[in-house]
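Shown next: entry.cif, containing mmCIF, C-alpha atoms; chains and numbers go by the auth columns.
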```
data_structure
loop_
_atom_site.group_PDB
_atom_site.id
_atom_site.type_symbol
_atom_site.label_atom_id
_atom_site.label_comp_id
_atom_site.label_asym_id
_atom_site.label_seq_id
_atom_site.Cartn_x
_atom_site.Cartn_y
_atom_site.Cartn_z
_atom_site.B_iso_or_equiv
_atom_site.auth_seq_id
_atom_site.auth_asym_id
ATOM 1 C CA MET A 1 148.899 61.545 278.654 0.00 90 O
ATOM 2 C CA PRO A 2 152.444 60.398 279.481 0.00 91 O
ATOM 3 C CA TYR A 3 154.260 58.616 276.674 0.00 92 O
ATOM 4 C CA ILE A 4 157.126 56.232 276.091 0.00 93 O
ATOM 5 C CA LEU A 5 159.467 57.489 273.382 0.00 94 O
ATOM 6 C CA VAL A 6 160.401 54.608 271.062 0.00 95 O
ATOM 7 C CA LEU A 7 163.400 56.152 269.327 0.00 96 O
ATOM 8 C CA TYR A 8 165.288 54.264 266.640 0.00 97 O
ATOM 9 C CA TYR A 9 167.490 54.309 263.582 0.00 98 O
ATOM 10 C CA SER A 10 166.792 51.678 260.932 0.00 99 O
ATOM 11 C CA ARG A 11 168.713 51.121 257.715 0.00 100 O
ATOM 12 C CA HIS A 12 167.008 48.095 256.192 0.00 101 O
ATOM 13 C CA GLY A 13 163.770 47.920 258.191 0.00 102 O
ATOM 14 C CA SER A 14 164.454 45.349 260.919 0.00 103 O
ATOM 15 C CA VAL A 15 164.836 47.860 263.746 0.00 104 O
ATOM 16 C CA ALA A 16 161.772 49.757 262.509 0.00 105 O
ATOM 17 C CA ASN A 17 159.762 46.531 262.666 0.00 106 O
ATOM 18 C CA MET A 18 160.989 45.953 266.210 0.00 107 O
ATOM 19 C CA ALA A 19 160.067 49.503 267.172 0.00 108 O
ATOM 20 C CA ARG A 20 156.495 49.014 265.981 0.00 109 O
ATOM 21 C CA LEU A 21 156.135 45.810 268.023 0.00 110 O
ATOM 22 C CA ILE A 22 157.616 47.509 271.072 0.00 111 O
ATOM 23 C CA ALA A 23 155.134 50.353 270.641 0.00 112 O
ATOM 24 C CA GLN A 24 152.330 47.783 270.561 0.00 113 O
ATOM 25 C CA GLY A 25 153.570 46.478 273.891 0.00 114 O
ATOM 26 C CA VAL A 26 153.546 49.976 275.354 0.00 115 O
ATOM 27 C CA GLU A 27 149.984 50.523 274.142 0.00 116 O
ATOM 28 C CA GLN A 28 148.865 47.392 276.035 0.00 117 O
ATOM 29 C CA VAL A 29 149.381 49.310 279.281 0.00 118 O
ATOM 30 C CA SER A 30 146.526 51.585 280.332 0.00 119 O
ATOM 31 C CA GLY A 31 147.308 55.224 281.069 0.00 120 O
ATOM 32 C CA ILE A 32 150.323 55.647 278.817 0.00 121 O
ATOM 33 C CA GLU A 33 150.987 55.758 275.070 0.00 122 O
ATOM 34 C CA ALA A 34 153.843 55.163 272.643 0.00 123 O
ATOM 35 C CA ARG A 35 155.482 57.842 270.515 0.00 124 O
ATOM 36 C CA LEU A 36 157.511 56.480 267.579 0.00 125 O
ATOM 37 C CA ARG A 37 160.394 58.655 266.415 0.00 126 O
ATOM 38 C CA CYS A 38 163.568 58.062 264.388 0.00 127 O
ATOM 39 C CA VAL A 39 166.838 59.884 263.753 0.00 128 O
ATOM 40 C CA PRO A 40 168.086 61.020 260.340 0.00 129 O
ATOM 41 C CA PRO A 41 171.007 59.314 258.621 0.00 130 O
ATOM 42 C CA VAL A 42 174.490 60.756 258.852 0.00 131 O
ATOM 43 C CA SER A 43 176.072 61.268 255.460 0.00 132 O
ATOM 44 C CA THR A 44 178.396 63.498 253.496 0.00 133 O
ATOM 45 C CA ALA A 45 175.364 65.630 252.599 0.00 134 O
ATOM 46 C CA CYS A 46 175.082 68.842 254.585 0.00 135 O
ATOM 47 C CA GLU A 47 172.359 68.607 257.251 0.00 136 O
ATOM 48 C CA ALA A 48 170.722 71.747 255.898 0.00 137 O
ATOM 49 C CA THR A 49 170.015 70.066 252.576 0.00 138 O
ATOM 50 C CA LEU A 50 168.165 67.105 254.053 0.00 139 O
ATOM 51 C CA PRO A 51 164.362 67.274 254.428 0.00 140 O
ATOM 52 C CA SER A 52 163.163 68.125 257.935 0.00 141 O
ATOM 53 C CA ILE A 53 160.461 65.449 257.622 0.00 142 O
ATOM 54 C CA PRO A 54 161.379 61.981 256.329 0.00 143 O
ATOM 55 C CA GLU A 55 159.655 60.766 253.172 0.00 144 O
ATOM 56 C CA GLU A 56 158.440 57.625 254.958 0.00 145 O
ATOM 57 C CA GLY A 57 158.428 56.064 258.397 0.00 146 O
ATOM 58 C CA SER A 58 158.398 57.843 261.741 0.00 147 O
ATOM 59 C CA LEU A 59 159.028 61.543 262.241 0.00 148 O
ATOM 60 C CA TYR A 60 162.488 62.663 263.286 0.00 149 O
ATOM 61 C CA CYS A 61 162.923 63.028 267.021 0.00 150 O
ATOM 62 C CA SER A 62 163.168 66.501 268.515 0.00 151 O
ATOM 63 C CA GLU A 63 164.829 67.483 271.763 0.00 152 O
ATOM 64 C CA GLU A 64 161.358 68.161 273.196 0.00 153 O
ATOM 65 C CA ASP A 65 160.198 64.627 272.332 0.00 154 O
ATOM 66 C CA LEU A 66 163.048 63.320 274.455 0.00 155 O
ATOM 67 C CA ARG A 67 162.760 65.919 277.216 0.00 156 O
ATOM 68 C CA HIS A 68 159.112 65.223 277.996 0.00 157 O
ATOM 69 C CA CYS A 69 158.986 61.435 277.643 0.00 158 O
ATOM 70 C CA ALA A 70 158.031 59.320 280.653 0.00 159 O
ATOM 71 C CA GLY A 71 160.404 56.567 279.490 0.00 160 O
ATOM 72 C CA LEU A 72 162.649 55.680 276.572 0.00 161 O
ATOM 73 C CA LEU A 73 163.250 52.660 274.360 0.00 162 O
ATOM 74 C CA LEU A 74 166.278 53.140 272.128 0.00 163 O
ATOM 75 C CA GLY A 75 166.938 51.014 269.048 0.00 164 O
ATOM 76 C CA SER A 76 169.779 50.771 266.551 0.00 165 O
ATOM 77 C CA PRO A 77 171.255 48.185 264.196 0.00 166 O
ATOM 78 C CA THR A 78 174.571 46.677 265.229 0.00 167 O
ATOM 79 C CA ARG A 79 177.631 48.298 263.667 0.00 168 O
ATOM 80 C CA PHE A 80 180.854 46.503 264.625 0.00 169 O
ATOM 81 C CA GLY A 81 179.468 45.742 268.088 0.00 170 O
ATOM 82 C CA ASN A 82 178.211 49.264 268.671 0.00 171 O
ATOM 83 C CA MET A 83 175.253 51.482 267.845 0.00 172 O
ATOM 84 C CA ALA A 84 175.043 53.028 264.376 0.00 173 O
ATOM 85 C CA ALA A 85 176.594 56.461 263.834 0.00 174 O
ATOM 86 C CA PRO A 86 173.250 58.307 263.365 0.00 175 O
ATOM 87 C CA MET A 87 172.053 57.259 266.824 0.00 176 O
ATOM 88 C CA LYS A 88 175.389 58.142 268.424 0.00 177 O
ATOM 89 C CA TYR A 89 175.314 61.496 266.630 0.00 178 O
ATOM 90 C CA PHE A 90 171.858 62.217 268.022 0.00 179 O
ATOM 91 C CA LEU A 91 172.787 61.208 271.569 0.00 180 O
ATOM 92 C CA ASP A 92 175.913 63.353 271.424 0.00 181 O
ATOM 93 C CA SER A 93 173.627 66.356 270.916 0.00 182 O
ATOM 94 C CA THR A 94 171.696 65.841 274.166 0.00 183 O
ATOM 95 C CA SER A 95 174.114 67.500 276.575 0.00 184 O
ATOM 96 C CA ALA A 96 171.574 70.235 277.379 0.00 185 O
ATOM 97 C CA LEU A 97 169.163 67.586 278.645 0.00 186 O
ATOM 98 C CA TRP A 98 171.981 66.030 280.667 0.00 187 O
ATOM 99 C CA MET A 99 172.828 69.374 282.266 0.00 188 O
ATOM 100 C CA SER A 100 169.196 70.045 283.199 0.00 189 O
ATOM 101 C CA GLY A 101 168.640 66.514 284.508 0.00 190 O
ATOM 102 C CA ALA A 102 165.554 66.148 282.334 0.00 191 O
ATOM 103 C CA LEU A 103 165.831 62.345 282.036 0.00 192 O
ATOM 104 C CA ILE A 104 166.734 61.499 285.622 0.00 193 O
ATOM 105 C CA ASN A 105 164.655 58.654 287.147 0.00 194 O
ATOM 106 C CA LYS A 106 162.946 57.784 283.878 0.00 195 O
ATOM 107 C CA PRO A 107 163.075 54.111 282.807 0.00 196 O
ATOM 108 C CA ALA A 108 164.940 53.129 279.661 0.00 197 O
ATOM 109 C CA GLY A 109 165.652 50.054 277.577 0.00 198 O
ATOM 110 C CA VAL A 110 167.481 49.254 274.344 0.00 199 O
ATOM 111 C CA PHE A 111 166.994 46.991 271.317 0.00 200 O
ATOM 112 C CA THR A 112 169.007 46.026 268.251 0.00 201 O
ATOM 113 C CA SER A 113 169.240 43.903 265.108 0.00 202 O
ATOM 114 C CA SER A 114 172.196 42.314 263.354 0.00 203 O
ATOM 115 C CA SER A 115 172.665 40.219 260.217 0.00 204 O
ATOM 116 C CA SER A 116 174.818 37.639 262.018 0.00 205 O
ATOM 117 C CA LEU A 117 173.881 35.793 265.198 0.00 206 O
ATOM 118 C CA HIS A 118 177.190 36.570 266.901 0.00 207 O
ATOM 119 C CA GLY A 119 177.625 39.990 265.326 0.00 208 O
ATOM 120 C CA GLY A 120 177.867 41.985 268.529 0.00 209 O
ATOM 121 C CA GLN A 121 174.234 42.287 269.621 0.00 210 O
ATOM 122 C CA GLU A 122 174.992 42.195 273.328 0.00 211 O
ATOM 123 C CA SER A 123 177.894 44.649 273.178 0.00 212 O
ATOM 124 C CA THR A 124 175.716 46.989 271.109 0.00 213 O
ATOM 125 C CA LEU A 125 172.970 46.899 273.726 0.00 214 O
ATOM 126 C CA LEU A 126 175.423 47.470 276.559 0.00 215 O
ATOM 127 C CA THR A 127 177.116 50.420 274.859 0.00 216 O
ATOM 128 C CA MET A 128 173.714 51.932 274.052 0.00 217 O
ATOM 129 C CA ALA A 129 172.912 51.789 277.765 0.00 218 O
ATOM 130 C CA LEU A 130 175.949 53.894 278.749 0.00 219 O
ATOM 131 C CA PRO A 131 174.684 57.341 277.664 0.00 220 O
ATOM 132 C CA LEU A 132 171.303 56.570 279.235 0.00 221 O
ATOM 133 C CA LEU A 133 173.007 55.836 282.559 0.00 222 O
ATOM 134 C CA HIS A 134 174.906 59.114 282.247 0.00 223 O
ATOM 135 C CA HIS A 135 171.532 60.823 281.876 0.00 224 O
ATOM 136 C CA GLY A 136 170.469 59.292 285.183 0.00 225 O
ATOM 137 C CA MET A 137 167.877 57.010 283.628 0.00 226 O
ATOM 138 C CA VAL A 138 166.773 53.746 285.274 0.00 227 O
ATOM 139 C CA PHE A 139 167.949 51.003 282.921 0.00 228 O
ATOM 140 C CA ALA A 140 165.828 47.856 282.620 0.00 229 O
ATOM 141 C CA GLY A 141 166.445 44.742 280.546 0.00 230 O
ATOM 142 C CA LEU A 142 164.354 41.604 280.034 0.00 231 O
ATOM 143 C CA PRO A 143 163.950 39.156 282.951 0.00 232 O
ATOM 144 C CA TYR A 144 164.223 35.399 282.511 0.00 233 O
ATOM 145 C CA SER A 145 160.684 35.043 283.827 0.00 234 O
ATOM 146 C CA LEU A 146 159.814 35.619 280.158 0.00 235 O
ATOM 147 C CA GLU A 147 159.729 32.104 278.710 0.00 236 O
ATOM 148 C CA ALA A 148 160.567 33.378 275.215 0.00 237 O
ATOM 149 C CA LEU A 149 163.987 34.465 276.479 0.00 238 O
ATOM 150 C CA SER A 150 164.912 30.846 277.219 0.00 239 O
ATOM 151 C CA ARG A 151 163.184 29.409 274.139 0.00 240 O
ATOM 152 C CA THR A 152 164.570 31.716 271.481 0.00 241 O
ATOM 153 C CA GLN A 153 167.043 30.342 268.949 0.00 242 O
ATOM 154 C CA GLN A 154 167.373 33.666 267.147 0.00 243 O
ATOM 155 C CA GLY A 155 167.526 37.052 268.849 0.00 244 O
ATOM 156 C CA GLY A 156 166.680 37.993 272.420 0.00 245 O
ATOM 157 C CA THR A 157 168.936 38.895 275.344 0.00 246 O
ATOM 158 C CA PRO A 158 168.520 39.892 279.000 0.00 247 O
ATOM 159 C CA TYR A 159 169.994 43.277 278.047 0.00 248 O
ATOM 160 C CA GLY A 160 167.131 44.034 275.650 0.00 249 O
ATOM 161 C CA ALA A 161 165.221 42.743 272.657 0.00 250 O
ATOM 162 C CA SER A 162 167.193 41.784 269.562 0.00 251 O
ATOM 163 C CA HIS A 163 166.636 40.320 266.112 0.00 252 O
ATOM 164 C CA TRP A 164 168.784 38.091 263.947 0.00 253 O
ATOM 165 C CA ALA A 165 168.169 39.285 260.383 0.00 254 O
ATOM 166 C CA ASN A 166 169.492 36.162 258.697 0.00 255 O
ATOM 167 C CA GLN A 167 169.120 35.380 255.001 0.00 256 O
ATOM 168 C CA GLU A 168 166.036 33.222 255.538 0.00 257 O
ATOM 169 C CA GLN A 169 164.006 35.539 257.765 0.00 258 O
ATOM 170 C CA GLY A 170 165.370 38.944 256.805 0.00 259 O
ATOM 171 C CA ASN A 171 163.314 41.696 258.445 0.00 260 O
ATOM 172 C CA GLU A 172 160.611 39.302 259.652 0.00 261 O
ATOM 173 C CA LEU A 173 160.927 38.642 263.374 0.00 262 O
ATOM 174 C CA SER A 174 160.568 35.151 264.820 0.00 263 O
ATOM 175 C CA SER A 175 157.641 34.540 267.168 0.00 264 O
ATOM 176 C CA ASN A 176 159.930 34.632 270.220 0.00 265 O
ATOM 177 C CA GLU A 177 161.625 37.841 269.075 0.00 266 O
ATOM 178 C CA ALA A 178 158.216 39.475 268.607 0.00 267 O
ATOM 179 C CA VAL A 179 157.054 38.355 272.051 0.00 268 O
ATOM 180 C CA LEU A 180 160.173 39.850 273.642 0.00 269 O
ATOM 181 C CA CYS A 181 159.732 43.157 271.804 0.00 270 O
ATOM 182 C CA LYS A 182 156.173 43.529 273.074 0.00 271 O
ATOM 183 C CA ALA A 183 157.217 42.454 276.568 0.00 272 O
ATOM 184 C CA GLN A 184 159.939 45.096 276.629 0.00 273 O
ATOM 185 C CA GLY A 185 157.444 47.777 275.643 0.00 274 O
ATOM 186 C CA ARG A 186 155.055 46.687 278.387 0.00 275 O
ATOM 187 C CA ARG A 187 157.792 46.559 281.015 0.00 276 O
ATOM 188 C CA ILE A 188 159.108 50.054 280.359 0.00 277 O
ATOM 189 C CA ALA A 189 155.547 51.423 280.243 0.00 278 O
ATOM 190 C CA GLU A 190 154.682 49.818 283.584 0.00 279 O
ATOM 191 C CA LEU A 191 157.899 51.072 285.170 0.00 280 O
ATOM 192 C CA ALA A 192 157.279 54.559 283.803 0.00 281 O
ATOM 193 C CA LEU A 193 153.905 54.760 285.508 0.00 282 O
ATOM 194 C CA GLN A 194 155.468 53.615 288.789 0.00 283 O
ATOM 195 C CA LEU A 195 158.332 56.113 288.533 0.00 284 O
ATOM 196 C CA LEU A 196 156.189 58.992 287.302 0.00 285 O
ATOM 197 C CA PRO A 197 155.853 60.617 290.762 0.00 286 O
ATOM 198 C CA LEU A 198 159.654 60.934 290.945 0.00 287 O
ATOM 199 C CA HIS A 199 159.842 63.214 287.922 0.00 288 O
ATOM 200 C CA SER A 200 156.279 64.425 287.285 0.00 289 O
ATOM 201 C CA SER A 201 157.301 68.009 287.988 0.00 290 O
ATOM 202 C CA LYS A 202 159.573 67.868 284.915 0.00 291 O
ATOM 203 C CA ILE A 203 156.978 66.496 282.467 0.00 292 O
#
```

Take the structure in this file and express it as structure tokens.
Amino acid sequence: MPYILVLYYSRHGSVANMARLIAQGVEQVSGIEARLRCVPPVSTACEATLPSIPEEGSLYCSEEDLRHCAGLLLGSPTRFGNMAAPMKYFLDSTSALWMSGALINKPAGVFTSSSSLHGGQESTLLTMALPLLHHGMVFAGLPYSLEALSRTQQGGTPYGASHWANQEQGNELSSNEAVLCKAQGRRIAELALQLLPLHSSKI
């Protein structure tokens, strides 16, 4: 069965919570499934000393997970208006997939979380989209036909789902944020099924 890769890095749990809701949205679409994967942290520790399987949470993403996905949803916390270093580090290692054109014509979306409402959510989402466009993916955001996008007073943007991890709510998403996460999962899943004939020979 084709799958949507929900790939994320989460430091304090907010992005992981979003990823699980997005995966639920994917699973609402018949004929496709969600595959949750994360990327390891980047630290001063040598990569060889880190466990190949994380102690908790989703498995680490492999190149094959990315190569064979029917669509991609990419999530990272906001770091100074950009994606976190571990996600950038992972994407920088995907040049072989770029050279082979493995991701061309596959739909993609992005999501993020920040601790401040105006902490760079939109710039983070836009910069996360750039490497996906270089891969030839079909980028899709959230349309304003979703009522939650106009109602939200926390996270949520037309560029992708987002969460405001303020002191009161922390990792817990608002009802509108949760609706938008699930809607983004559904949208990418539906697009993936429509675009599948364009790249089925590569899956």

Practice prompt. Between O:Glu266, O:Glu261, O:Glu279, O:Glu211, single out the one closest to O:Ser103, counting all atoms listed in the file.
Written response: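 Distance minimum relative to O:Ser103 lands on O:Glu261.
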
Worksheet item: So what does the PyMOL selection byres ((chain O and resi 171-183) around 7) actually pick up in this one, as an MDAnalysis selection string?
Response: chainID O and resid 98 128:131 165:170 184:187 212:213 216:217

Discussion item. Could you check the closest approach to O:Leu125 for each of O:Glu257, O:Ala105, O:Gly146, O:Leu94 and tell me which residue wins, using only C-alpha atoms?
Written reply: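 Result for the nearest residue to O:Leu125: O:Leu94.
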
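Look at O:His252: the protein and nucleic acid residues within 8 Å of it, using all atoms listed in the file and passing over chain neighbours fewer than 5 places away, are Ser103, Met107, Thr201, Ser202, Ser203, Gln243, Gly244, Gly245, Leu262 and Glu266 of chain O.
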
Discussion item. On this structure, the PyMOL selection byres ((chain O and resi 238) around 12) would catch which residues? List them as JSON, numbers by chain, sorted by chain and number.
Written reply: {"O": [230, 231, 232, 233, 234, 235, 236, 237, 239, 240, 241, 242, 243, 244, 245, 246, 247, 248, 249, 250, 251, 264, 265, 266, 267, 268, 269, 270, 272, 273]}

Worksheet item: Out of O:Met188, O:Ala197, O:Cys158, O:Ala229, which residue has the shortest atom-to-atom distance to O:Arg124 when counting all atoms listed in the file?
Response: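 When distances to O:Arg124 are compared using all atoms listed in the file, the smallest one comes from O:Cys158.
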
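With the shown file loaded, the PyMOL selection byres ((chain O and resi 155) around 10) picks out Ile93, Leu94, Val95, Leu96, Arg126, Cys150, Ser151, Glu152, Glu153, Asp154, Arg156, His157, Cys158, Ala159, Gly160, Leu161, Thr183, Leu186, Ala191 and Leu192 of chain O.
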
Fill in: Selected residue of minimal separation from O:Val104 among O:Gly209, O:Ser141, O:Trp253, O:Ala123, counting only C-alpha atoms
O:Trp253

Practice prompt. Quick one: pull the distance between atom CA of O:Arg109 and atom CA of O:Glu145, Å, one decimal.
Written response: 14.1 Å

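Taking atom CA of O:Ile193 and atom CA of O:His288 as endpoints, the distance between them is 7.5 Å.
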
Discussion item. Considering all atoms listed in the file, can you say which of O:Arg275, O:His207, O:His223, O:His101 comes closest to O:Gly190?
Written reply: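 Among the listed residues, the smallest separation from O:Gly190 belongs to O:His223.
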
Block slice stretch 214-241 of chain O, N, CA, C and O atoms, emitted as a short mmCIF file (atom, residue, chain, number, x, y, z; two decimals), in the first residue's frame:
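Output saved as decode-v5.cif:
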```cif
data_model
loop_
_atom_site.label_atom_id
_atom_site.label_comp_id
_atom_site.auth_asym_id
_atom_site.auth_seq_id
_atom_site.Cartn_x
_atom_site.Cartn_y
_atom_site.Cartn_z
N LEU O 214 8.16 27.58 7.85
CA LEU O 214 7.44 26.75 6.89
C LEU O 214 7.91 27.01 5.47
O LEU O 214 8.10 26.08 4.67
N LEU O 215 8.11 28.27 5.13
CA LEU O 215 8.55 28.61 3.78
C LEU O 215 9.95 28.08 3.48
O LEU O 215 10.22 27.57 2.39
N THR O 216 10.86 28.19 4.46
CA THR O 216 12.22 27.70 4.21
C THR O 216 12.25 26.17 4.19
O THR O 216 13.08 25.59 3.49
N MET O 217 11.34 25.52 4.91
CA MET O 217 11.26 24.07 4.84
C MET O 217 10.76 23.60 3.46
O MET O 217 11.08 22.51 3.01
N ALA O 218 9.98 24.45 2.81
CA ALA O 218 9.46 24.10 1.49
C ALA O 218 10.54 24.12 0.41
O ALA O 218 10.45 23.40 -0.58
N LEU O 219 11.59 24.94 0.60
CA LEU O 219 12.58 25.13 -0.46
C LEU O 219 13.27 23.84 -0.89
O LEU O 219 13.34 23.55 -2.09
N PRO O 220 13.81 23.03 0.02
CA PRO O 220 14.45 21.79 -0.45
C PRO O 220 13.46 20.83 -1.09
O PRO O 220 13.83 20.06 -1.99
N LEU O 221 12.20 20.88 -0.69
CA LEU O 221 11.19 20.00 -1.30
C LEU O 221 10.92 20.43 -2.74
O LEU O 221 10.73 19.59 -3.63
N LEU O 222 10.92 21.74 -2.99
CA LEU O 222 10.76 22.23 -4.36
C LEU O 222 11.97 21.85 -5.21
O LEU O 222 11.83 21.52 -6.39
N HIS O 223 13.16 21.89 -4.62
CA HIS O 223 14.35 21.46 -5.35
C HIS O 223 14.27 19.99 -5.74
O HIS O 223 14.81 19.57 -6.77
N HIS O 224 13.60 19.20 -4.92
CA HIS O 224 13.41 17.78 -5.21
C HIS O 224 12.32 17.55 -6.26
O HIS O 224 12.09 16.42 -6.67
N GLY O 225 11.66 18.61 -6.68
CA GLY O 225 10.62 18.47 -7.69
C GLY O 225 9.28 18.05 -7.13
O GLY O 225 8.39 17.60 -7.88
N MET O 226 9.10 18.19 -5.81
CA MET O 226 7.84 17.80 -5.20
C MET O 226 6.77 18.85 -5.46
O MET O 226 7.06 20.00 -5.80
N VAL O 227 5.51 18.45 -5.33
CA VAL O 227 4.37 19.35 -5.54
C VAL O 227 3.94 19.87 -4.17
O VAL O 227 3.34 19.14 -3.38
N PHE O 228 4.26 21.12 -3.88
CA PHE O 228 4.02 21.67 -2.55
C PHE O 228 2.57 22.11 -2.40
O PHE O 228 2.01 22.77 -3.28
N ALA O 229 1.96 21.74 -1.27
CA ALA O 229 0.57 22.10 -1.00
C ALA O 229 0.44 22.62 0.43
O ALA O 229 0.94 21.99 1.37
N GLY O 230 -0.23 23.73 0.59
CA GLY O 230 -0.49 24.29 1.91
C GLY O 230 -1.90 23.97 2.37
O GLY O 230 -2.46 22.93 2.01
N LEU O 231 -2.49 24.87 3.14
CA LEU O 231 -3.85 24.70 3.65
C LEU O 231 -4.75 25.79 3.06
O LEU O 231 -4.46 26.97 3.22
N PRO O 232 -5.83 25.42 2.39
CA PRO O 232 -6.71 26.42 1.77
C PRO O 232 -7.63 27.07 2.79
O PRO O 232 -7.97 26.48 3.83
N TYR O 233 -8.06 28.29 2.50
CA TYR O 233 -8.95 29.01 3.40
C TYR O 233 -10.39 28.49 3.38
O TYR O 233 -11.25 29.01 4.09
N SER O 234 -10.65 27.47 2.58
CA SER O 234 -11.94 26.80 2.67
C SER O 234 -12.07 26.05 3.98
O SER O 234 -13.18 25.68 4.39
N LEU O 235 -10.94 25.83 4.67
CA LEU O 235 -10.96 25.24 6.01
C LEU O 235 -11.33 26.33 7.01
O LEU O 235 -10.56 27.28 7.22
N GLU O 236 -12.48 26.22 7.63
CA GLU O 236 -12.96 27.26 8.54
C GLU O 236 -12.00 27.49 9.70
O GLU O 236 -11.87 28.61 10.20
N ALA O 237 -11.34 26.43 10.16
CA ALA O 237 -10.43 26.55 11.30
C ALA O 237 -9.28 27.50 11.02
O ALA O 237 -8.72 28.10 11.94
N LEU O 238 -8.94 27.68 9.75
CA LEU O 238 -7.83 28.57 9.39
C LEU O 238 -8.20 30.03 9.65
O LEU O 238 -7.34 30.84 9.99
N SER O 239 -9.47 30.36 9.52
CA SER O 239 -9.93 31.72 9.80
C SER O 239 -10.29 31.91 11.26
O SER O 239 -10.24 33.03 11.78
N ARG O 240 -10.64 30.82 11.95
CA ARG O 240 -11.07 30.93 13.35
C ARG O 240 -9.91 30.90 14.34
O ARG O 240 -10.02 31.44 15.43
N THR O 241 -8.81 30.30 13.96
CA THR O 241 -7.74 30.07 14.92
C THR O 241 -7.19 31.36 15.51
O THR O 241 -7.01 32.35 14.80
#
```
